[in-house]
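Next comes protein26.cif, with mmCIF, C-alpha atoms.
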```
data_entry
loop_
_atom_site.label_atom_id
_atom_site.label_comp_id
_atom_site.auth_asym_id
_atom_site.auth_seq_id
_atom_site.Cartn_x
_atom_site.Cartn_y
_atom_site.Cartn_z
CA MET U 1 -38.17 42.56 -8.57
CA THR U 2 -38.78 39.78 -6.06
CA LEU U 3 -41.26 37.31 -7.44
CA LYS U 4 -43.99 35.95 -5.21
CA LEU U 5 -45.70 32.90 -6.63
CA GLY U 6 -48.28 31.93 -4.05
CA ARG U 7 -46.50 30.18 -1.20
CA GLN U 8 -42.98 30.80 -2.52
CA SER U 9 -40.91 33.93 -3.11
CA PHE U 10 -37.89 34.12 -5.38
CA ALA U 11 -34.99 36.56 -5.46
CA ASP U 12 -34.84 39.00 -8.35
CA ASP U 13 -31.93 37.19 -9.98
CA ALA U 14 -33.53 33.74 -9.81
CA THR U 15 -34.56 31.97 -13.00
CA LEU U 16 -37.32 29.42 -12.74
CA MET U 17 -38.25 26.28 -14.60
CA MET U 18 -41.98 25.80 -15.08
CA ALA U 19 -42.53 22.22 -16.21
CA ILE U 20 -45.52 21.50 -18.41
CA VAL U 21 -47.83 18.76 -17.08
CA ASN U 22 -50.72 17.99 -19.37
CA ARG U 23 -53.89 16.38 -18.15
CA THR U 24 -55.02 16.15 -21.73
CA PRO U 25 -55.40 13.29 -24.22
CA ASP U 26 -54.30 15.39 -27.18
CA SER U 27 -51.61 18.03 -26.48
CA PHE U 28 -49.25 18.53 -29.39
CA TYR U 29 -46.01 17.40 -27.83
CA ASP U 30 -46.81 14.47 -25.58
CA LYS U 31 -49.99 13.36 -27.37
CA GLY U 32 -51.69 12.14 -24.24
CA ALA U 33 -48.68 10.55 -22.54
CA THR U 34 -49.81 11.99 -19.19
CA TRP U 35 -53.55 11.83 -19.78
CA ALA U 36 -53.93 9.13 -17.15
CA GLU U 37 -53.76 10.78 -13.77
CA ASP U 38 -51.09 8.46 -12.46
CA LYS U 39 -48.93 9.19 -15.51
CA ALA U 40 -49.35 12.91 -14.95
CA PHE U 41 -48.43 12.44 -11.31
CA ASP U 42 -45.35 10.45 -12.30
CA ARG U 43 -44.33 13.36 -14.50
CA VAL U 44 -44.71 15.78 -11.57
CA VAL U 45 -42.47 13.55 -9.46
CA ARG U 46 -39.91 13.44 -12.27
CA VAL U 47 -39.79 17.16 -13.03
CA VAL U 48 -39.54 18.01 -9.34
CA ASP U 49 -36.63 15.61 -9.12
CA GLU U 50 -35.11 17.35 -12.15
CA GLY U 51 -35.27 20.66 -10.33
CA ALA U 52 -38.39 22.36 -11.66
CA GLU U 53 -39.56 25.09 -9.29
CA ILE U 54 -43.03 25.24 -10.84
CA VAL U 55 -45.40 22.77 -12.46
CA ASP U 56 -47.94 24.10 -14.93
CA ILE U 57 -50.96 21.82 -15.03
CA GLY U 58 -53.30 22.12 -17.96
CA GLY U 59 -56.57 20.38 -18.79
CA ILE U 60 -57.18 21.72 -22.28
CA LYS U 61 -54.81 21.66 -25.20
CA ALA U 62 -54.15 25.03 -26.77
CA ALA U 63 -54.99 24.05 -30.33
CA PRO U 64 -58.55 23.68 -31.63
CA GLY U 65 -60.26 20.41 -30.86
CA VAL U 66 -63.11 18.81 -28.97
CA PHE U 67 -64.95 21.42 -26.89
CA ILE U 68 -64.13 21.05 -23.22
CA ASP U 69 -66.54 22.82 -20.91
CA ALA U 70 -65.65 24.17 -17.49
CA ASP U 71 -66.98 21.11 -15.67
CA GLU U 72 -64.85 18.77 -17.75
CA GLU U 73 -61.82 21.03 -17.33
CA LYS U 74 -62.34 21.00 -13.56
CA ALA U 75 -62.71 17.24 -13.59
CA ARG U 76 -59.34 17.01 -15.25
CA VAL U 77 -57.36 19.40 -13.08
CA VAL U 78 -58.90 20.17 -9.67
CA GLY U 79 -58.52 16.78 -8.06
CA PHE U 80 -55.10 16.47 -9.61
CA VAL U 81 -53.94 19.82 -8.22
CA ALA U 82 -55.15 18.69 -4.80
CA ARG U 83 -53.18 15.47 -5.11
CA VAL U 84 -50.00 17.28 -6.16
CA ARG U 85 -50.43 19.81 -3.36
CA ASP U 86 -50.80 17.02 -0.85
CA ALA U 87 -47.65 15.29 -2.07
CA PHE U 88 -45.57 18.46 -2.55
CA PRO U 89 -46.56 21.03 0.07
CA ASP U 90 -43.91 23.56 -1.04
CA LEU U 91 -44.04 23.15 -4.82
CA VAL U 92 -45.34 26.09 -6.83
CA ILE U 93 -48.39 24.86 -8.70
CA SER U 94 -49.56 26.79 -11.74
CA VAL U 95 -52.70 25.97 -13.66
CA ASP U 96 -53.02 26.76 -17.33
CA THR U 97 -56.57 28.03 -17.69
CA TRP U 98 -58.38 31.06 -18.98
CA ARG U 99 -61.61 30.39 -17.03
CA ALA U 100 -62.26 32.18 -13.73
CA SER U 101 -64.48 29.35 -12.51
CA VAL U 102 -61.67 26.85 -13.02
CA GLY U 103 -59.17 29.28 -11.49
CA ARG U 104 -61.30 29.55 -8.38
CA ALA U 105 -61.65 25.78 -8.05
CA VAL U 106 -57.90 25.15 -8.33
CA CYS U 107 -56.97 27.99 -5.98
CA GLU U 108 -59.29 26.47 -3.40
CA VAL U 109 -57.20 23.30 -3.44
CA GLY U 110 -53.81 25.00 -3.37
CA ALA U 111 -52.81 26.40 -6.78
CA ASP U 112 -50.35 29.30 -6.59
CA VAL U 113 -50.37 30.66 -10.13
CA LEU U 114 -53.02 31.17 -12.79
CA ASN U 115 -51.37 30.92 -16.18
CA ASP U 116 -53.81 32.68 -18.47
CA ALA U 117 -52.46 31.54 -21.80
CA TRP U 118 -55.33 33.28 -23.59
CA GLY U 119 -54.59 36.81 -22.48
CA GLY U 120 -57.55 37.81 -20.35
CA ALA U 121 -60.32 36.15 -22.33
CA ASP U 122 -62.24 35.83 -19.07
CA PRO U 123 -62.02 39.23 -17.35
CA ALA U 124 -62.92 37.75 -13.95
CA LEU U 125 -59.74 35.65 -13.76
CA VAL U 126 -57.78 38.54 -12.21
CA ASP U 127 -60.37 38.83 -9.44
CA VAL U 128 -59.85 35.18 -8.56
CA ALA U 129 -56.08 35.67 -8.44
CA ALA U 130 -56.52 38.68 -6.17
CA GLU U 131 -58.95 36.88 -3.88
CA PHE U 132 -56.59 33.93 -3.35
CA ASP U 133 -53.35 35.95 -3.35
CA ALA U 134 -52.26 33.92 -6.35
CA ALA U 135 -49.92 35.05 -9.09
CA ILE U 136 -51.10 35.63 -12.64
CA ILE U 137 -49.38 35.24 -15.99
CA CYS U 138 -50.50 37.96 -18.40
CA THR U 139 -50.06 36.77 -21.95
CA HIS U 140 -50.35 38.47 -25.31
CA THR U 141 -52.57 36.82 -27.87
CA GLY U 142 -53.49 39.80 -30.00
CA GLY U 143 -57.09 39.34 -28.89
CA ALA U 144 -57.33 35.79 -30.21
CA THR U 145 -60.27 33.69 -29.11
CA PRO U 146 -59.16 30.76 -26.92
CA ARG U 147 -58.17 27.65 -28.86
CA THR U 148 -58.00 29.29 -32.27
CA ARG U 149 -55.07 29.27 -34.66
CA PRO U 150 -53.77 32.54 -36.07
CA PHE U 151 -54.94 33.23 -39.60
CA ARG U 152 -53.24 36.06 -41.51
CA VAL U 153 -52.70 38.07 -38.34
CA GLU U 154 -50.51 41.11 -38.84
CA TYR U 155 -49.13 43.75 -36.49
CA ASP U 156 -47.60 47.15 -37.14
CA ASP U 157 -45.07 46.16 -34.48
CA VAL U 158 -45.64 42.87 -32.75
CA VAL U 159 -43.29 43.69 -29.86
CA ALA U 160 -45.01 47.01 -29.21
CA ALA U 161 -48.37 45.23 -29.33
CA ALA U 162 -47.18 42.56 -26.92
CA ILE U 163 -45.82 45.16 -24.51
CA THR U 164 -48.95 47.32 -24.71
CA ASP U 165 -51.33 44.42 -24.16
CA THR U 166 -49.42 42.55 -21.46
CA THR U 167 -48.64 45.67 -19.43
CA ALA U 168 -52.28 46.76 -19.74
CA TYR U 169 -53.29 43.32 -18.49
CA ALA U 170 -50.75 43.64 -15.68
CA ALA U 171 -52.22 47.02 -14.75
CA ARG U 172 -55.68 45.50 -14.73
CA ALA U 173 -54.48 42.69 -12.46
CA LEU U 174 -52.87 45.23 -10.14
CA ALA U 175 -56.07 47.29 -10.03
CA ALA U 176 -58.03 44.14 -9.22
CA GLY U 177 -55.82 43.61 -6.19
CA VAL U 178 -53.19 41.14 -7.38
CA ALA U 179 -49.88 41.87 -5.62
CA ARG U 180 -47.39 43.75 -7.79
CA ASP U 181 -44.74 41.08 -7.24
CA SER U 182 -47.17 38.34 -8.29
CA ILE U 183 -47.71 39.56 -11.85
CA VAL U 184 -45.74 38.11 -14.76
CA ILE U 185 -45.93 38.96 -18.47
CA ASP U 186 -45.55 36.53 -21.38
CA PRO U 187 -45.30 37.45 -25.08
CA ALA U 188 -46.90 34.06 -25.85
CA HIS U 189 -44.92 32.83 -28.80
CA ASP U 190 -47.12 31.40 -31.55
CA PHE U 191 -50.37 32.54 -29.88
CA GLY U 192 -52.05 34.86 -32.35
CA LYS U 193 -48.74 35.05 -34.20
CA ASN U 194 -46.96 33.63 -37.19
CA THR U 195 -43.41 32.39 -37.07
CA PHE U 196 -41.98 35.78 -38.08
CA HIS U 197 -43.76 37.39 -35.16
CA SER U 198 -42.44 34.83 -32.69
CA LEU U 199 -38.92 35.23 -34.04
CA GLU U 200 -39.09 39.01 -33.70
CA LEU U 201 -40.40 38.69 -30.13
CA THR U 202 -37.46 36.46 -29.32
CA ARG U 203 -34.97 38.81 -30.98
CA ARG U 204 -36.39 41.83 -29.14
CA LEU U 205 -37.31 40.17 -25.84
CA HIS U 206 -35.11 42.64 -23.97
CA GLU U 207 -37.74 45.29 -24.74
CA MET U 208 -40.30 43.31 -22.76
CA VAL U 209 -37.82 42.78 -19.94
CA ALA U 210 -37.23 46.55 -19.88
CA THR U 211 -40.85 47.09 -18.82
CA GLY U 212 -39.76 45.92 -15.38
CA TRP U 213 -42.39 43.17 -15.20
CA PRO U 214 -40.90 39.68 -14.86
CA VAL U 215 -41.06 37.89 -18.21
CA LEU U 216 -42.08 34.29 -18.82
CA VAL U 217 -41.28 32.60 -22.11
CA SER U 218 -43.02 29.54 -23.46
CA LEU U 219 -40.90 28.36 -26.37
CA SER U 220 -40.80 24.65 -25.90
CA ASN U 221 -41.00 22.68 -29.16
CA LYS U 222 -43.33 25.25 -30.70
CA ASP U 223 -44.10 25.69 -34.40
CA PHE U 224 -41.92 28.80 -34.79
CA VAL U 225 -38.97 26.57 -33.92
CA GLY U 226 -40.23 23.80 -36.18
CA GLU U 227 -40.82 26.14 -39.11
CA SER U 228 -37.48 27.88 -38.65
CA LEU U 229 -35.66 24.55 -38.95
CA ASP U 230 -38.26 22.57 -40.91
CA LEU U 231 -38.43 19.97 -38.18
CA PRO U 232 -41.41 18.10 -36.77
CA VAL U 233 -42.45 17.90 -33.15
CA GLY U 234 -39.98 15.59 -31.48
CA GLU U 235 -36.95 17.08 -33.23
CA ARG U 236 -37.14 20.64 -31.96
CA LEU U 237 -35.16 20.49 -28.73
CA THR U 238 -31.97 22.02 -30.11
CA GLY U 239 -33.90 24.86 -31.75
CA THR U 240 -35.89 25.37 -28.57
CA LEU U 241 -32.70 25.63 -26.55
CA ALA U 242 -31.24 28.17 -28.99
CA ALA U 243 -34.33 30.35 -28.53
CA THR U 244 -34.03 29.74 -24.78
CA ALA U 245 -30.46 31.00 -24.80
CA ILE U 246 -31.44 34.22 -26.56
CA SER U 247 -34.29 34.72 -24.11
CA ALA U 248 -32.03 34.09 -21.14
CA LEU U 249 -29.52 36.64 -22.40
CA ALA U 250 -32.39 39.14 -22.68
CA GLY U 251 -33.30 38.46 -19.05
CA ALA U 252 -36.36 36.19 -19.08
CA ARG U 253 -37.20 34.91 -15.59
CA ILE U 254 -39.51 31.92 -16.07
CA TYR U 255 -39.20 29.18 -18.71
CA ARG U 256 -42.24 27.04 -19.46
CA VAL U 257 -40.76 23.81 -20.70
CA HIS U 258 -41.11 20.17 -21.57
CA GLU U 259 -37.39 19.45 -20.95
CA VAL U 260 -36.35 20.72 -17.53
CA VAL U 261 -32.75 19.52 -17.29
CA GLU U 262 -31.62 20.77 -20.69
CA THR U 263 -33.34 24.12 -20.29
CA ARG U 264 -31.88 24.64 -16.81
CA GLN U 265 -28.38 24.01 -18.14
CA VAL U 266 -28.81 26.46 -21.00
CA VAL U 267 -30.31 29.18 -18.81
CA ASP U 268 -27.60 28.77 -16.16
CA MET U 269 -24.84 28.75 -18.76
CA VAL U 270 -26.14 31.91 -20.45
CA ASN U 271 -26.57 33.74 -17.16
CA THR U 272 -23.09 32.68 -16.13
CA ILE U 273 -21.68 34.04 -19.39
CA ALA U 274 -23.68 37.23 -18.84
CA GLY U 275 -22.05 37.60 -15.42
CA ARG U 276 -25.35 37.37 -13.55
CA ARG U 277 -24.57 33.99 -12.02
CA PRO U 278 -21.21 32.72 -10.73
CA PRO U 279 -19.82 29.45 -12.07
CA GLN U 280 -21.00 26.49 -10.06
CA ARG U 281 -17.49 25.48 -9.04
CA ALA U 282 -14.41 27.05 -10.67
CA ILE U 283 -10.84 26.12 -9.74
CA ARG U 284 -9.20 25.69 -13.14
CA GLY U 285 -6.13 27.91 -13.31
CA LEU U 286 -6.78 29.32 -9.84
CA ALA U 287 -5.43 26.63 -7.52
CA MET M 1 4.05 39.03 17.67
CA ARG M 2 1.66 36.84 15.70
CA VAL M 3 2.54 35.38 12.30
CA VAL M 4 0.17 33.55 9.96
CA LEU M 5 0.95 31.68 6.75
CA VAL M 6 -1.77 31.22 4.14
CA PRO M 7 -1.50 29.95 0.54
CA SER M 8 -1.43 32.15 -2.53
CA THR M 9 -4.27 30.49 -4.41
CA LEU M 10 -6.25 32.97 -6.50
CA ALA M 11 -9.39 31.11 -5.50
CA LEU M 12 -9.25 33.09 -2.24
CA LEU M 13 -10.06 36.30 -4.13
CA PRO M 14 -13.67 37.49 -4.34
CA ASP M 15 -13.25 38.02 -8.10
CA TYR M 16 -13.25 34.26 -8.46
CA THR M 17 -16.25 33.28 -6.35
CA SER M 18 -18.21 30.17 -7.29
CA ILE M 19 -21.63 29.03 -6.14
CA GLU M 20 -20.00 26.01 -4.48
CA ASP M 21 -16.70 27.02 -2.96
CA PRO M 22 -14.01 24.65 -4.30
CA ILE M 23 -11.78 25.53 -1.34
CA ALA M 24 -14.37 25.78 1.42
CA ASP M 25 -12.27 23.97 4.04
CA LEU M 26 -9.17 25.95 3.18
CA ARG M 27 -11.03 29.26 3.22
CA ALA M 28 -12.49 28.48 6.64
CA SER M 29 -9.00 27.85 7.99
CA VAL M 30 -7.63 30.99 6.32
CA ASP M 31 -10.42 33.19 7.65
CA ALA M 32 -10.03 31.85 11.19
CA ALA M 33 -6.26 32.27 11.12
CA VAL M 34 -6.47 35.82 9.78
CA ALA M 35 -9.03 36.68 12.45
CA TRP M 36 -6.64 35.34 15.08
CA LEU M 37 -3.82 37.39 13.58
CA LEU M 38 -5.81 40.62 13.59
CA ALA M 39 -7.07 40.09 17.12
CA ASP M 40 -3.61 41.27 18.13
CA GLY M 41 -3.69 44.39 15.93
CA PRO M 42 -2.91 45.30 12.32
CA ALA M 43 -0.57 43.17 10.25
CA ALA M 44 1.85 43.54 7.35
CA VAL M 45 1.75 41.40 4.22
CA ARG M 46 4.71 39.46 2.92
CA GLY M 47 4.45 37.75 -0.45
CA ALA M 48 6.90 37.02 -3.23
CA THR M 49 4.53 37.68 -6.14
CA PRO M 50 2.06 40.44 -7.01
CA ALA M 51 -0.76 37.92 -6.70
CA ALA M 52 0.37 36.87 -3.24
CA LYS M 53 0.48 40.51 -2.10
CA ARG M 54 -2.95 41.12 -3.58
CA ILE M 55 -4.37 38.13 -1.73
CA GLY M 56 -2.77 39.32 1.49
CA ASP M 57 -4.17 42.82 1.04
CA GLU M 58 -7.61 41.40 0.36
CA LEU M 59 -7.52 39.18 3.45
CA LEU M 60 -6.40 41.98 5.76
CA GLY M 61 -8.67 44.65 4.30
CA ASP M 62 -8.64 47.75 6.50
CA TYR M 63 -6.36 46.06 9.01
CA ARG M 64 -3.36 46.08 6.73
CA GLY M 65 -0.52 48.04 8.30
CA SER M 66 3.12 47.77 9.25
CA GLY M 67 2.52 45.40 12.17
CA PRO M 68 2.68 44.15 14.80
CA GLY M 69 1.42 41.03 12.98
CA LEU M 70 2.76 39.42 9.84
CA LEU M 71 0.76 37.63 7.15
CA VAL M 72 2.93 35.50 4.90
CA VAL M 73 1.27 34.43 1.64
CA ALA M 74 2.92 31.41 0.04
CA ASN M 75 2.37 27.76 -0.69
CA GLY M 76 4.28 24.65 -1.60
CA THR M 77 4.66 22.95 -4.93
CA ALA M 78 2.04 22.74 -7.69
CA THR M 79 3.38 19.46 -9.11
CA ARG M 80 2.03 16.90 -6.72
CA THR M 81 -0.24 14.90 -9.07
CA GLU M 82 -0.88 14.15 -12.74
CA LYS M 83 -3.75 16.67 -12.64
CA ALA M 84 -1.73 19.35 -10.84
CA PRO M 85 -1.20 22.67 -12.66
CA GLY M 86 2.47 21.78 -13.22
CA HIS M 87 1.81 18.07 -13.78
CA PHE M 88 3.46 15.41 -11.61
CA ASP M 89 7.02 15.79 -10.44
CA GLU M 90 8.31 13.08 -8.13
CA ARG M 91 10.53 15.55 -6.30
CA ALA M 92 7.55 17.61 -5.14
CA GLU M 93 6.50 15.45 -2.22
CA GLY M 94 9.96 15.53 -0.65
CA PHE M 95 10.22 19.28 -1.09
CA ASP M 96 6.84 19.82 0.54
CA ALA M 97 7.69 17.39 3.34
CA LEU M 98 10.81 19.36 4.18
CA VAL M 99 8.96 22.68 4.17
CA GLY M 100 5.95 21.17 5.92
CA ALA M 101 8.06 19.85 8.81
CA ALA M 102 9.57 23.28 9.37
CA LEU M 103 6.16 24.95 9.26
CA ARG M 104 4.54 22.39 11.55
CA THR M 105 7.20 22.63 14.26
CA GLY M 106 7.94 26.33 13.91
CA ASP M 107 11.62 25.44 13.62
CA PHE M 108 12.31 27.53 10.54
CA GLY M 109 16.05 26.89 10.35
CA PRO M 110 15.88 24.47 7.38
CA LEU M 111 13.95 27.07 5.35
CA ALA M 112 17.06 29.28 5.17
CA ASP M 113 18.67 26.78 2.81
CA LEU M 114 15.61 26.15 0.63
CA ASP M 115 16.59 25.42 -2.97
CA LEU M 116 14.79 28.18 -4.88
CA ASP M 117 15.83 26.82 -8.27
CA LEU M 118 14.17 23.53 -7.41
CA ALA M 119 11.19 25.45 -6.04
CA GLY M 120 10.83 27.13 -9.44
CA GLU M 121 10.92 23.80 -11.23
CA LEU M 122 8.22 22.53 -8.89
CA TRP M 123 5.98 25.49 -9.54
CA ALA M 124 6.37 27.03 -6.09
CA PRO M 125 6.86 30.67 -7.09
CA ASP M 126 6.37 31.97 -3.57
CA ALA M 127 9.15 29.96 -1.94
CA SER M 128 11.33 32.98 -1.29
CA ALA M 129 8.67 34.24 1.13
CA LEU M 130 9.12 30.97 3.03
CA VAL M 131 12.88 31.51 3.17
CA ALA M 132 12.22 34.84 4.85
CA LEU M 133 10.53 33.03 7.73
CA ALA M 134 13.91 31.66 8.76
CA GLY M 135 14.73 34.82 10.69
CA LEU M 136 11.84 34.33 13.10
CA VAL M 137 12.06 32.63 16.49
CA THR M 138 8.74 31.00 17.34
CA THR M 139 7.33 30.28 20.77
CA SER M 140 4.27 28.38 19.53
CA ALA M 141 3.18 26.79 16.26
CA GLU M 142 -0.27 25.59 15.14
CA THR M 143 -1.13 23.89 11.85
CA ASP M 144 -4.73 24.45 10.77
CA TYR M 145 -4.54 23.11 7.22
CA ASP M 146 -2.06 20.85 5.43
CA ALA M 147 -3.23 19.29 2.17
CA ALA M 148 -2.79 19.36 -1.60
CA PRO M 149 -6.39 19.16 -2.85
CA TYR M 150 -5.65 20.18 -6.45
CA GLY M 151 -2.10 18.92 -6.60
CA VAL M 152 -0.99 22.19 -5.01
CA GLN M 153 0.36 22.07 -1.45
CA TYR M 154 -1.43 24.47 0.90
CA TRP M 155 -0.67 25.22 4.51
CA VAL M 156 -2.43 27.42 7.00
CA THR M 157 -0.24 27.84 10.06
CA ARG M 158 -0.18 30.21 13.03
CA TYR M 159 2.77 31.26 15.18
CA THR M 160 3.62 33.44 18.08
CA CYS M 161 7.14 34.75 17.80
CA ALA M 162 9.60 36.22 20.22
CA SER M 163 10.72 38.84 17.73
#
```
As structure tokens - that is how I would like this structure written.
Amino acid sequence: MTLKLGRQSFADDATLMMAIVNRTPDSFYDKGATWAEDKAFDRVVRVVDEGAEIVDIGGIKAAPGVFIDADEEKARVVGFVARVRDAFPDLVISVDTWRASVGRAVCEVGADVLNDAWGGADPALVDVAAEFDAAIICTHTGGATPRTRPFRVEYDDVVAAAITDTTAYAARALAAGVARDSIVIDPAHDFGKNTFHSLELTRRLHEMVATGWPVLVSLSNKDFVGESLDLPVGERLTGTLAATAISALAGARIYRVHEVVETRQVVDMVNTIAGRRPPQRAIRGLA
Amino acid sequence: MRVVLVPSTLALLPDYTSIEDPIADLRASVDAAVAWLLADGPAAVRGATPAAKRIGDELLGDYRGSGPGLLVVANGTATRTEKAPGHFDERAEGFDALVGAALRTGDFGPLADLDLDLAGELWAPDASALVALAGLVTTSAETDYDAAPYGVQYWVTRYTCAS
């Protein structure tokens, strides 16, 4: 299905890199490296140069921590979105927020995508997406409260639960008036899940792809990679790329990443092996 | 009648399409020459290998017939450089120069005596199709492409012939 992300549309065989840009002092991977607005802007410039089609700007780290109210979240992201929009008129800008009030404020200054990492915690977010003709990412959190860690969560079938919840969310977005080709589903690795759940979602990602909704995966440097390999943050790139390869083979469309160049290479290589993408330039043995 | 020569590189086949065409210039010349050939009616394919015939069939598509035109599918040596498929052979340049002069002028006489054993050693498996040109009398000759981009000598040439 053609994917319409605000001002840009993408063919149904296109894979997209969504680069993470944190306007936070405390996110797990970069630990505030882009907390200063100019640093965050420098990262946008870099990831665009590296080929990212989407930037995903977030003002609140996912893990528990200091309470950030909507006004503080807006202070972190709205002006920044406006600045990025001004500098990159054609770039797809996503904002990682669960709050409708924040979603409205960023859409007013040019955001294209609302990445609801907390799975519909604020039911009015879909109405904002519909009003601004923005896209929405429908994630599965198993009903987790925003910014909580999973504690002894179990599922009869985590993949079935992820499909049921994300497609129900997608149906709700559609009913609210979001365009069908602007709705994406995301199993949300590690959100409301233990490592075994995230591994099973990766292994069975093709079942989510088979729903027909475009699938986003957010794997980058997460704990399920770290626990699988017993490696700390900072040493998880190889494991992340292995999970990326499996997800690409299953047919994921959007990759939310810290490392754009490496992920793009893996996704392109896998899709080339799968016969969905031609080689970039093949002459060996043919000349 | 119109006669066109194109090379027998497999990269011309749609099975081997890349995102960036490694033979974009060559393909443009081939496509233009084939279009010119078919503007005069259907054409027959002449090639010395199954691959050459397959390439010819692919290029002509529905316009493949018994004539009046003729599409010859062949190239020169594949031993022009260290990186060439057949590695470097110092005899290759002279061989290609001899063939190239005949193709450029349309004076095919020298092709009748082409050394096919040498051609084999220089990785030019299609050379017998070039020998067969020697029977043609040309009234015009145009060279659209003459280069060895991967150590393999390609020509795209067009002729009008009296017979």
Report as JSON, numbers by chain the residues that result from applying the PyMOL selection byres ((chain M) within 6 of (chain U)) to the structure here. {"M": [9, 10, 11, 18, 19, 20, 22]}
Would you work out the distance separating CA of Ala92 (chain M) from CA of Asp113 (chain M), expressed in Å to one decimal? 16.5 Å
Run through the PyMOL selection byres ((chain U and resi 162) around 9) on the given coordinates and return the selected residues as a PyMOL selection string. chain U and resi 139-142+157-161+163-167+186-188+201+208
Written as JSON, numbers by chain, what is the full residue list that the PyMOL selection byres ((chain U and resi 263) around 10) yields on the file shown? {"U": [17, 220, 237, 240, 241, 242, 244, 245, 255, 256, 257, 258, 259, 260, 261, 262, 264, 265, 266, 267, 268, 269]}
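CA of Ser66 (chain M) sits 25.9 Å away from CA of Tyr145 (chain M).
Relative to CA of Leu3 (chain U), CA of Arg172 (chain U) is found at 18.1 Å.
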Distance query Leu111 (chain M) at most 9 Å, only C-alpha atoms, self and fewer than 4 positions along chain excluded, as a list of chain:residue names: M:Leu98, M:Val99, M:Ala102, M:Leu103, M:Asp107, M:Asp115, M:Leu130, M:Val131, M:Ala132, M:Leu133, M:Ala134
Sphere at (-32.3, 35.1, -25.5), radius 9 Å, counting all atoms listed in the file: residues as number ranges by chain: U: 202-206, 242-252, 270
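Minimum distance to Ala129 (chain U) across U:Val178, U:Ile273, U:Ala82, U:Val55 (counting only C-alpha atoms) occurs at U:Val178.
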Tell me, as a ChimeraX atom specification, which residues lie within 12 Å of region 33-45 of chain M, counting only C-alpha atoms; anything in the same chain fewer than 4 positions away does not count. /M:1-8,26-29,49-74,129,142-145,155-160
Using all atoms listed in the file, which protein or nucleic acid residues come within 12 Å of Glu82 (chain M)? Drop anything in the same chain fewer than 4 positions from it, and give the result as a list in words. Ala78, Gly86, His87, Phe88, Asp89, Glu90, Ala92, Tyr150, Gly151 and Val152 of chain M
As a PDB file, in the coordinates of the input, please: region 54-63 of chain U completed to N, CA, C and O atoms.
```pdb
ATOM      1  N   ILE U  54     -41.598  25.042 -10.597  1.00  0.00           N
ATOM      2  CA  ILE U  54     -43.030  25.240 -10.840  1.00  0.00           C
ATOM      3  C   ILE U  54     -43.526  24.099 -11.735  1.00  0.00           C
ATOM      4  O   ILE U  54     -42.826  23.700 -12.662  1.00  0.00           O
ATOM      5  N   VAL U  55     -44.729  23.612 -11.474  1.00  0.00           N
ATOM      6  CA  VAL U  55     -45.400  22.770 -12.460  1.00  0.00           C
ATOM      7  C   VAL U  55     -46.592  23.540 -12.995  1.00  0.00           C
ATOM      8  O   VAL U  55     -47.250  24.285 -12.252  1.00  0.00           O
ATOM      9  N   ASP U  56     -46.829  23.406 -14.290  1.00  0.00           N
ATOM     10  CA  ASP U  56     -47.940  24.100 -14.930  1.00  0.00           C
ATOM     11  C   ASP U  56     -48.905  23.037 -15.453  1.00  0.00           C
ATOM     12  O   ASP U  56     -48.624  22.357 -16.434  1.00  0.00           O
ATOM     13  N   ILE U  57     -50.010  22.896 -14.749  1.00  0.00           N
ATOM     14  CA  ILE U  57     -50.960  21.820 -15.030  1.00  0.00           C
ATOM     15  C   ILE U  57     -52.063  22.357 -15.928  1.00  0.00           C
ATOM     16  O   ILE U  57     -52.693  23.378 -15.615  1.00  0.00           O
ATOM     17  N   GLY U  58     -52.278  21.672 -17.028  1.00  0.00           N
ATOM     18  CA  GLY U  58     -53.300  22.120 -17.960  1.00  0.00           C
ATOM     19  C   GLY U  58     -54.272  21.010 -18.318  1.00  0.00           C
ATOM     20  O   GLY U  58     -53.870  19.857 -18.472  1.00  0.00           O
ATOM     21  N   GLY U  59     -55.544  21.370 -18.469  1.00  0.00           N
ATOM     22  CA  GLY U  59     -56.570  20.380 -18.790  1.00  0.00           C
ATOM     23  C   GLY U  59     -57.123  20.511 -20.185  1.00  0.00           C
ATOM     24  O   GLY U  59     -57.971  19.704 -20.589  1.00  0.00           O
ATOM     25  N   ILE U  60     -56.665  21.529 -20.925  1.00  0.00           N
ATOM     26  CA  ILE U  60     -57.180  21.720 -22.280  1.00  0.00           C
ATOM     27  C   ILE U  60     -56.006  22.062 -23.190  1.00  0.00           C
ATOM     28  O   ILE U  60     -55.241  22.974 -22.902  1.00  0.00           O
ATOM     29  N   LYS U  61     -55.884  21.332 -24.277  1.00  0.00           N
ATOM     30  CA  LYS U  61     -54.810  21.660 -25.200  1.00  0.00           C
ATOM     31  C   LYS U  61     -55.082  23.021 -25.848  1.00  0.00           C
ATOM     32  O   LYS U  61     -56.234  23.462 -25.966  1.00  0.00           O
ATOM     33  N   ALA U  62     -54.001  23.683 -26.253  1.00  0.00           N
ATOM     34  CA  ALA U  62     -54.150  25.030 -26.770  1.00  0.00           C
ATOM     35  C   ALA U  62     -54.804  25.049 -28.145  1.00  0.00           C
ATOM     36  O   ALA U  62     -55.562  25.959 -28.481  1.00  0.00           O
ATOM     37  N   ALA U  63     -54.508  24.051 -28.944  1.00  0.00           N
ATOM     38  CA  ALA U  63     -54.990  24.050 -30.330  1.00  0.00           C
ATOM     39  C   ALA U  63     -56.487  23.717 -30.373  1.00  0.00           C
ATOM     40  O   ALA U  63     -57.039  23.180 -29.410  1.00  0.00           O
TER      41      ALA U  63
END
```
